file entry.txt (compact mmCIF, C-alpha atoms)
# COMPACT_ATOMS: atom_id res chain seq x y z
CA MET A 263 132.76 -78.75 85.95
CA ASN A 264 129.68 -79.02 83.78
CA ASP A 265 127.68 -76.99 86.28
CA THR A 266 130.35 -74.30 86.13
CA LEU A 267 130.08 -74.10 82.34
CA ILE A 268 126.30 -73.86 82.54
CA SER A 269 126.56 -71.10 85.14
CA LEU A 270 129.05 -69.24 82.94
CA ALA A 271 126.72 -69.55 79.94
CA ILE A 272 123.72 -68.23 81.90
CA ILE A 273 125.59 -65.36 83.55
CA PHE A 274 127.30 -64.08 80.42
CA SER A 275 124.36 -64.40 78.03
CA GLN A 276 122.32 -62.34 80.49
CA LEU A 277 125.14 -59.77 80.72
CA SER A 278 125.35 -59.71 76.92
CA LEU A 279 121.76 -58.53 76.63
CA LEU A 280 122.07 -56.01 79.47
CA ALA A 281 125.24 -54.31 78.17
CA PHE A 282 123.57 -51.08 77.04
CA GLY A 283 126.14 -48.34 76.66
CA GLY A 284 129.03 -50.71 76.00
CA GLY A 285 130.95 -53.19 78.09
CA ASN A 286 131.91 -51.23 81.18
CA THR A 287 128.33 -50.94 82.40
CA ILE A 288 128.14 -54.68 83.19
CA LEU A 289 131.44 -54.83 85.08
CA PRO A 290 129.82 -54.52 88.55
CA GLU A 291 127.30 -57.29 87.84
CA MET A 292 130.06 -59.49 86.41
CA GLN A 293 132.13 -58.89 89.55
CA ARG A 294 129.10 -59.59 91.77
CA GLN A 295 128.39 -62.90 90.04
CA VAL A 296 132.00 -64.06 89.77
CA VAL A 297 133.18 -62.90 93.21
CA ASP A 298 130.18 -62.68 95.56
CA VAL A 299 127.68 -65.20 94.17
CA HIS A 300 129.92 -67.97 92.79
CA HIS A 301 133.17 -67.34 94.72
CA TRP A 302 135.27 -68.20 91.69
CA MET A 303 137.93 -65.67 92.72
CA PRO A 304 138.50 -62.84 95.23
CA ALA A 305 137.71 -59.25 94.23
CA SER A 306 141.42 -58.40 94.03
CA GLU A 307 141.97 -61.16 91.46
CA PHE A 308 139.00 -59.96 89.40
CA SER A 309 140.56 -56.49 89.31
CA ALA A 310 143.90 -57.98 88.28
CA LEU A 311 142.24 -59.80 85.37
CA PHE A 312 140.44 -56.60 84.39
CA ALA A 313 143.77 -54.76 84.40
CA LEU A 314 145.41 -57.47 82.26
CA ALA A 315 142.58 -57.21 79.74
CA GLN A 316 142.99 -53.43 79.63
CA ALA A 317 146.63 -53.89 78.68
CA ALA A 318 145.64 -56.13 75.74
CA PRO A 319 144.48 -54.78 72.36
CA GLY A 320 140.95 -55.13 71.06
CA PRO A 321 137.42 -54.24 72.10
CA ASN A 322 136.59 -53.04 75.58
CA LEU A 323 135.62 -56.14 77.44
CA MET A 324 138.23 -58.81 76.80
CA VAL A 325 138.14 -59.48 80.56
CA VAL A 326 135.13 -61.68 79.74
CA THR A 327 137.33 -64.12 77.83
CA LEU A 328 139.92 -64.05 80.59
CA VAL A 329 137.37 -64.75 83.34
CA GLY A 330 135.99 -67.74 81.42
CA TRP A 331 139.47 -69.13 80.88
CA HIS A 332 140.51 -68.54 84.49
CA VAL A 333 137.40 -70.27 85.86
CA ALA A 334 137.14 -73.27 83.51
CA GLY A 335 140.07 -73.37 81.07
CA TRP A 336 139.65 -73.43 77.30
CA ALA A 337 136.09 -74.76 77.52
CA GLY A 338 135.23 -71.91 79.88
CA MET A 339 136.77 -69.39 77.51
CA LEU A 340 134.74 -70.76 74.60
CA VAL A 341 131.44 -70.93 76.50
CA THR A 342 131.92 -67.46 77.97
CA SER A 343 132.83 -65.89 74.63
CA VAL A 344 129.85 -67.40 72.81
CA ALA A 345 127.52 -66.41 75.67
CA LYS A 346 128.88 -62.85 75.84
CA PHE A 347 129.16 -62.04 72.13
CA GLY A 348 126.37 -64.24 70.70
CA PRO A 349 123.11 -62.80 72.06
CA SER A 350 124.00 -59.12 71.53
CA SER A 351 125.18 -59.93 67.99
CA ILE A 352 121.88 -61.66 67.19
CA VAL A 353 120.04 -58.57 68.47
CA THR A 354 122.22 -56.40 66.20
CA ILE A 355 121.39 -58.54 63.16
CA LEU A 356 117.66 -58.41 63.91
CA ALA A 357 117.72 -54.68 64.61
CA LEU A 358 119.62 -53.78 61.46
CA LYS A 359 116.48 -53.81 59.30
CA ALA A 360 114.10 -52.23 61.81
CA TRP A 361 116.52 -49.35 62.39
CA GLU A 362 116.05 -47.91 58.90
CA ARG A 363 112.28 -48.07 59.21
CA PHE A 364 112.09 -46.24 62.54
CA LYS A 365 114.67 -43.62 61.66
CA ASP A 366 112.39 -40.64 62.18
CA ARG A 367 110.21 -41.92 65.02
CA PRO A 368 110.51 -39.73 68.14
CA TRP A 369 110.76 -42.67 70.55
CA ARG A 370 114.06 -43.62 69.01
CA ARG A 371 115.51 -40.32 70.23
CA TYR A 372 113.86 -40.63 73.65
CA ALA A 373 115.24 -44.12 74.13
CA GLN A 374 118.70 -42.97 73.07
CA ALA A 375 118.59 -39.95 75.39
CA GLY A 376 117.12 -41.97 78.24
CA LEU A 377 119.85 -44.60 78.17
CA VAL A 378 122.64 -42.03 78.68
CA PRO A 379 122.08 -41.33 82.42
CA VAL A 380 121.67 -45.04 83.18
CA THR A 381 124.95 -45.76 81.38
CA ALA A 382 126.65 -42.91 83.25
CA GLY A 383 125.59 -44.26 86.65
CA LEU A 384 126.68 -47.80 85.78
CA VAL A 385 130.10 -46.78 84.44
CA ALA A 386 130.67 -44.67 87.56
CA ALA A 387 129.76 -47.70 89.68
CA SER A 388 132.23 -49.82 87.68
CA ALA A 389 134.98 -47.29 88.30
CA ALA A 390 134.27 -47.13 92.05
CA LEU A 391 134.18 -50.91 92.48
CA ILE A 392 137.31 -51.59 90.44
CA ALA A 393 139.25 -48.80 92.16
CA HIS A 394 138.14 -50.06 95.56
CA ALA A 395 139.28 -53.61 94.77
CA SER A 396 142.56 -52.59 93.10
CA ASP A 397 143.77 -49.93 95.48
CA THR A 398 144.85 -51.55 98.73
CA THR A 399 147.88 -49.31 99.32
CA LEU A 400 148.40 -45.57 99.44
CA ILE A 401 150.71 -45.68 96.42
CA ALA A 402 148.06 -47.56 94.41
CA TRP A 403 145.50 -44.85 95.21
CA ALA A 404 148.05 -42.26 94.09
CA ILE A 405 148.66 -44.07 90.78
CA THR A 406 144.90 -44.31 90.18
CA ALA A 407 144.34 -40.64 90.94
CA VAL A 408 147.21 -39.40 88.77
CA CYS A 409 146.20 -41.67 85.85
CA ALA A 410 142.60 -40.50 86.10
CA VAL A 411 143.59 -36.82 86.08
CA LEU A 412 146.07 -37.26 83.20
CA ALA A 413 143.53 -39.22 81.13
CA ILE A 414 140.91 -36.50 81.68
CA LYS A 415 143.13 -33.45 81.20
CA THR A 416 145.55 -34.59 78.48
CA ARG A 417 145.45 -36.58 75.25
CA ILE A 418 148.20 -38.93 76.42
CA HIS A 419 147.76 -42.49 75.10
CA PRO A 420 146.21 -44.85 77.72
CA LEU A 421 148.91 -47.44 77.08
CA TRP A 422 151.61 -45.05 78.39
CA LEU A 423 149.64 -44.59 81.60
CA LEU A 424 149.30 -48.37 82.05
CA ALA A 425 153.03 -48.78 81.40
CA ALA A 426 153.95 -46.00 83.85
CA GLY A 427 151.67 -47.48 86.54
CA SER A 428 153.25 -50.93 86.05
CA LEU A 429 156.77 -49.52 86.33
CA ILE A 430 156.00 -47.59 89.52
CA GLY A 431 154.44 -50.78 90.87
CA LEU A 432 157.52 -52.81 89.90
CA THR A 433 159.77 -50.66 92.08
CA GLY A 434 157.75 -51.92 95.03
CA PHE A 435 157.71 -48.40 96.44
CA GLY A 436 155.05 -48.04 99.14
CA GLN A 437 154.02 -51.71 98.93
CA PHE A 438 154.90 -54.58 101.23
CA MET B 264 112.58 -25.84 53.54
CA ASN B 265 115.40 -26.69 55.84
CA LYS B 266 114.60 -30.38 55.62
CA THR B 267 114.45 -30.35 51.83
CA ALA B 268 117.76 -28.57 51.63
CA HIS B 269 119.22 -31.11 54.02
CA ASP B 270 117.84 -34.03 51.98
CA MET B 271 119.20 -32.62 48.74
CA ASN B 272 122.49 -32.02 50.43
CA SER B 273 122.79 -35.59 51.68
CA ASN B 274 121.70 -36.96 48.29
CA LEU B 275 124.34 -34.84 46.68
CA THR B 276 127.00 -36.02 49.12
CA ALA B 277 126.03 -39.64 48.57
CA ALA B 278 126.22 -39.19 44.79
CA GLN B 279 129.53 -37.40 45.07
CA THR B 280 131.02 -40.08 47.29
CA ALA B 281 130.02 -42.78 44.81
CA ALA B 282 131.22 -40.86 41.78
CA ASP B 283 134.29 -38.93 42.94
CA THR B 284 135.99 -40.76 45.76
CA GLY B 285 134.29 -44.06 44.92
CA LEU B 286 133.62 -46.63 47.59
CA ALA B 287 135.57 -49.84 47.30
CA PRO B 288 133.73 -52.86 45.86
CA PRO B 289 131.82 -54.81 48.58
CA PRO B 290 134.34 -56.77 50.66
CA THR B 291 134.34 -60.58 50.53
CA VAL B 292 133.89 -62.70 53.66
CA GLY B 293 137.67 -63.20 53.77
CA GLU B 294 138.32 -59.46 53.49
CA ILE B 295 135.81 -58.76 56.27
CA PHE B 296 137.59 -61.27 58.50
CA SER B 297 141.09 -59.97 57.79
CA GLY B 298 139.96 -56.34 58.03
CA PHE B 299 138.57 -56.78 61.52
CA LEU B 300 141.44 -59.08 62.55
CA GLY B 301 143.87 -56.25 61.84
CA LEU B 302 141.65 -53.76 63.62
CA GLY B 303 141.39 -55.99 66.72
CA LEU B 304 145.14 -56.39 66.99
CA ILE B 305 146.13 -52.73 66.67
CA SER B 306 143.44 -51.09 68.79
CA PHE B 307 144.69 -50.33 72.28
CA GLY B 308 142.48 -48.42 74.69
CA GLY B 309 139.29 -48.35 72.64
CA ALA B 310 138.86 -49.42 69.05
CA LEU B 311 136.37 -46.81 67.87
CA PRO B 312 138.60 -44.04 66.40
CA LEU B 313 140.71 -46.66 64.65
CA ALA B 314 137.60 -48.43 63.35
CA ARG B 315 136.39 -45.26 61.68
CA ARG B 316 139.75 -44.63 60.07
CA ALA B 317 140.06 -48.20 58.79
CA ILE B 318 136.49 -48.62 57.53
CA VAL B 319 135.78 -45.17 56.09
CA GLU B 320 139.14 -43.75 55.08
CA ARG B 321 141.48 -46.64 54.39
CA ARG B 322 139.26 -49.48 53.13
CA ARG B 323 136.37 -47.26 51.91
CA TRP B 324 133.74 -49.89 52.73
CA LEU B 325 131.26 -47.24 53.94
CA SER B 326 130.74 -43.52 53.41
CA ALA B 327 131.20 -41.28 56.46
CA SER B 328 127.46 -40.74 56.88
CA ASP B 329 126.65 -44.45 56.52
CA PHE B 330 129.28 -45.19 59.14
CA THR B 331 127.82 -42.64 61.56
CA ASP B 332 124.30 -43.97 61.09
CA LEU B 333 125.38 -47.58 61.61
CA LEU B 334 127.39 -46.55 64.67
CA GLY B 335 124.31 -44.83 66.11
CA LEU B 336 122.48 -48.15 65.96
CA CYS B 337 125.41 -50.04 67.46
CA GLN B 338 125.69 -47.63 70.40
CA PHE B 339 121.97 -47.91 71.04
CA LEU B 340 121.94 -51.72 71.20
CA PRO B 341 123.39 -53.83 74.02
CA GLY B 342 126.98 -55.01 73.53
CA GLY B 343 130.24 -53.28 72.73
CA ASN B 344 130.03 -50.59 70.01
CA VAL B 345 132.78 -51.93 67.84
CA ILE B 346 131.70 -55.55 68.34
CA ASN B 347 128.20 -54.67 67.15
CA LEU B 348 129.73 -52.69 64.29
CA SER B 349 131.73 -55.71 63.11
CA VAL B 350 128.52 -57.76 63.07
CA ALA B 351 126.45 -55.06 61.36
CA ILE B 352 129.03 -54.38 58.62
CA GLY B 353 129.58 -58.08 57.95
CA MET B 354 125.82 -58.65 57.83
CA ARG B 355 125.24 -55.72 55.49
CA PHE B 356 127.78 -56.90 52.89
CA ARG B 357 127.71 -60.71 53.13
CA GLY B 358 124.78 -61.76 55.33
CA LEU B 359 125.29 -64.21 58.17
CA PRO B 360 128.71 -65.53 57.03
CA GLY B 361 129.91 -61.93 56.84
CA ALA B 362 128.57 -61.11 60.31
CA LEU B 363 130.34 -64.15 61.74
CA ALA B 364 133.55 -63.26 59.90
CA GLY B 365 133.51 -59.70 61.25
CA LEU B 366 132.88 -60.78 64.84
CA LEU B 367 135.40 -63.64 64.84
CA GLY B 368 138.02 -61.49 63.13
CA LEU B 369 137.63 -58.75 65.72
CA ILE B 370 137.87 -60.96 68.82
CA ALA B 371 140.24 -63.75 67.64
CA GLY B 372 143.50 -61.82 68.00
CA PRO B 373 142.71 -60.04 71.31
CA SER B 374 141.41 -63.32 72.81
CA LEU B 375 144.73 -65.05 72.18
CA VAL B 376 146.73 -62.08 73.46
CA VAL B 377 144.66 -61.83 76.62
CA ILE B 378 144.96 -65.58 77.32
CA GLY B 379 148.72 -65.27 76.80
CA LEU B 380 148.81 -62.50 79.41
CA GLY B 381 146.65 -64.67 81.70
CA VAL B 382 149.10 -67.60 81.43
CA LEU B 383 151.96 -65.24 82.19
CA TYR B 384 150.08 -63.90 85.20
CA GLU B 385 149.31 -67.35 86.64
CA HIS B 386 152.91 -68.51 86.30
CA THR B 387 154.45 -65.42 87.83
CA GLN B 388 151.92 -64.17 90.37
CA ASN B 389 153.89 -65.57 93.33
CA ASP B 390 156.98 -63.58 92.41
CA PRO B 391 156.80 -60.43 94.56
CA HIS B 392 158.21 -58.21 91.79
CA ILE B 393 155.55 -59.35 89.36
CA ARG B 394 152.87 -58.94 92.03
CA HIS B 395 153.99 -55.34 92.51
CA LEU B 396 153.98 -54.77 88.77
CA PHE B 397 150.42 -56.07 88.46
CA ALA B 398 149.32 -53.97 91.43
CA GLY B 399 150.62 -50.88 89.62
CA LEU B 400 148.98 -51.96 86.36
CA ALA B 401 145.64 -52.54 88.10
CA ALA B 402 145.81 -49.15 89.81
CA ALA B 403 146.48 -47.42 86.48
CA ALA B 404 143.64 -49.34 84.79
CA ALA B 405 141.29 -48.21 87.57
CA GLY B 406 142.39 -44.61 86.92
CA LEU B 407 141.54 -44.95 83.22
CA LEU B 408 138.10 -46.30 84.12
CA ILE B 409 137.52 -43.33 86.47
CA SER B 410 138.46 -40.93 83.68
CA MET B 411 135.94 -42.58 81.38
CA ALA B 412 133.23 -42.32 84.05
CA VAL B 413 134.01 -38.65 84.63
CA LYS B 414 133.75 -37.90 80.90
CA ILE B 415 130.32 -39.56 80.72
CA VAL B 416 128.97 -38.12 83.98
CA LEU B 417 130.08 -34.46 83.65
CA PRO B 418 127.69 -33.47 80.82
CA LEU B 419 124.77 -34.56 83.06
CA TRP B 420 125.21 -31.68 85.53
CA ARG B 421 123.01 -29.51 83.33
CA LYS B 422 120.23 -32.11 83.31
CA PRO B 423 118.91 -32.62 86.85
CA ALA B 424 116.59 -35.51 85.91
CA GLY B 425 119.41 -37.37 84.19
CA ALA B 426 121.79 -36.66 87.08
CA ILE B 427 119.31 -38.14 89.58
CA ILE B 428 118.95 -41.31 87.48
CA ALA B 429 122.75 -41.62 87.28
CA VAL B 430 123.10 -41.18 91.06
CA LEU B 431 120.36 -43.76 91.73
CA GLY B 432 122.07 -46.21 89.39
CA PHE B 433 125.41 -45.62 91.10
CA LEU B 434 123.96 -46.14 94.59
CA ALA B 435 122.04 -49.27 93.60
CA ILE B 436 124.98 -50.97 91.92
CA ALA B 437 128.09 -49.72 93.74
CA LEU B 438 126.84 -49.30 97.32
CA LEU B 439 123.75 -51.49 97.70
CA ARG B 440 125.14 -54.12 95.28
CA PHE B 441 121.73 -54.75 93.74
CA PRO B 442 121.65 -57.15 90.77
CA LEU B 443 121.81 -55.39 87.40
CA LEU B 444 118.62 -56.78 85.81
CA PRO B 445 116.03 -55.42 88.31
CA THR B 446 117.98 -52.15 88.60
CA MET B 447 117.81 -51.62 84.85
CA LEU B 448 114.17 -52.73 84.65
CA VAL B 449 113.28 -49.91 87.05
CA LEU B 450 115.70 -47.16 85.99
CA THR B 451 115.66 -47.50 82.19
CA PRO B 452 111.90 -46.99 81.60
CA LEU B 453 111.91 -44.17 84.18
CA SER B 454 114.85 -42.49 82.44
CA ILE B 455 113.31 -42.87 78.98
CA TYR B 456 110.04 -41.41 80.29
CA LEU B 457 111.89 -38.43 81.77
CA ALA B 458 113.81 -37.98 78.51
CA SER B 459 110.55 -37.95 76.53
CA ARG B 460 109.37 -35.08 78.75
CA THR B 461 112.53 -33.02 78.33
CA VAL B 462 114.06 -33.88 74.93
CA ARG B 463 112.59 -31.82 72.12

call {"tool": "encode", "arguments": {"input": "entry.txt", "output": "structure tokens"}}
result
Amino acid sequence: MNDTLISLAIIFSQLSLLAFGGGNTILPEMQRQVVDVHHWMPASEFSALFALAQAAPGPNLMVVTLVGWHVAGWAGMLVTSVAKFGPSSIVTILALKAWERFKDRPWRRYAQAGLVPVTAGLVAASAALIAHASDTTLIAWAITAVCAVLAIKTRIHPLWLLAAGSLIGLTGFGQF
Amino acid sequence: MNKTAHDMNSNLTAAQTAADTGLAPPPTVGEIFSGFLGLGLISFGGALPLARRAIVERRRWLSASDFTDLLGLCQFLPGGNVINLSVAIGMRFRGLPGALAGLLGLIAGPSLVVIGLGVLYEHTQNDPHIRHLFAGLAAAAAGLLISMAVKIVLPLWRKPAGAIIAVLGFLAIALLRFPLLPTMLVLTPLSIYLASRTVR
């Protein structure tokens, strides 16, 4: 149990510092650690937790809290949350002062521009991995595709798409 | 000339904001906590647009330009944008206690909601109806993630160097399942170098 908490602390504090471009970039590494390296849950369960977290309010990556809780109860939730939100917050506090000073330095722009493609590749990888783990039936692939197109082409609220997907799932159509 | 005009303009706007619309007095630690608590609980599917409305328009803690500048920093640093923003705003007004209040306020509500959903899931996951419902939910969530990826990737088509970096990152993480740390240690400096050659 203690080893599990230590592993959670190490994994999520590392992820915290690597989460350039927001939470979704570290989803593949989180899945790799939780599913492939530590075998805490199968990939399908990780996707289910991710989906649950998407249906909850709040910042992007509440799946972190849920993974910690699922693996090691309330202690796991606490350790994971501190590890995930602590290090990046400390960096923010330290950077707050330096930011003003370097406002007009060119490297600040280069670094900002250079991080964009890396973020893009990582978010695309997240999407591919989560879709692959979630979509085991034809109907699930259809729901994913339709939601993706609607979210790109229209301004429909994401929550409606999640609700519609859940309802279609509930009918059991196309599943066994 | 242009720069001077711009500076005068921003000075003028800052003065106007202070005089005309008037920012609210600096929030207390309690107000920072409750402000972000409310924000955390009402923001579904991304908190950023709501954060701007709450912080700039409704509570008037920051001017629009201050908000944009602070957000630029928060997007640049590791961690979620809005999470970093809660820390930065709390820190700016009330130091460390403020930073803690902002962060805890933002994640307290969603944490409890998400655990509640987790409990519900564990108790009902053997019911076939619920399993089907969650399968549909997961499929829809995957679709939303794909849409986000598409929106970030599409603008790169015009920048071949950036597109190659994005493809390499995708292959390394999604297909080869490389660990994130070495992948980023290789790709990030390379990408920043390429950006320094192309960004003017």

call {"tool": "residues_around", "arguments": {"input": "entry.txt", "residues": "Ala315 (chain A)", "least_positions_apart": "5", "cutoff": "7 Å", "atoms": "all atoms listed in the file", "output": "list in words"}}
result
Met324 and Val325 of chain A; Val377 of chain B

call {"tool": "atom_distance", "arguments": {"input": "entry.txt", "atom1": "CA of Ser326 (chain B)", "atom2": "CA of Val345 (chain B)"}}
result
16.8 Å

call {"tool": "closest_residue", "arguments": {"input": "entry.txt", "among": "A:Val326, A:Ala402, A:Ile268, A:Ala407", "to": "Gly431 (chain A)", "atoms": "all atoms listed in the file"}}
result
A:Ala402

call {"tool": "atom_distance", "arguments": {"input": "entry.txt", "atom1": "CA of Leu400 (chain B)", "atom2": "CA of Gly427 (chain A)"}}
result
5.2 Å

call {"tool": "closest_residue", "arguments": {"input": "entry.txt", "among": "A:Leu311, A:Leu432, A:Val333, A:Leu270", "to": "chain B", "atoms": "all atoms listed in the file"}}
result
A:Leu432

call {"tool": "residues_around", "arguments": {"input": "entry.txt", "residues": "region 448-460 of chain B", "least_positions_apart": "6", "cutoff": "6 Å", "atoms": "all atoms listed in the file", "output": "list in words"}}
result
Tyr372, Ala373 and Gly376 of chain A

call {"tool": "closest_residue", "arguments": {"input": "entry.txt", "among": "B:Leu325, B:Leu363, B:Leu340, B:Ala314", "to": "chain A", "atoms": "only C-alpha atoms"}}
result
B:Leu340

call {"tool": "closest_residue", "arguments": {"input": "entry.txt", "among": "B:Phe339, B:Trp420, B:Phe356, B:Phe296", "to": "chain A", "atoms": "all atoms listed in the file"}}
result
B:Phe339

call {"tool": "atom_distance", "arguments": {"input": "entry.txt", "atom1": "CA of Leu407 (chain B)", "atom2": "CA of Pro420 (chain A)"}}
result
7.2 Å

call {"tool": "residues_around", "arguments": {"input": "entry.txt", "residues": "region 276-289 of chain A", "least_positions_apart": "6", "cutoff": "6 Å", "atoms": "all atoms listed in the file", "output": "PyMOL selection string"}}
result
(chain A and resi 323+346+350+381+384-385+388) or (chain B and resi 341-343)

call {"tool": "residues_around", "arguments": {"input": "entry.txt", "residues": "Ala412 (chain B)", "least_positions_apart": "3", "cutoff": "10 Å", "atoms": "all atoms listed in the file", "output": "NGL selection string"}}
result
(:A and (286 or 381-390 or 410 or 414)) or (:B and (406-409 or 415-417))
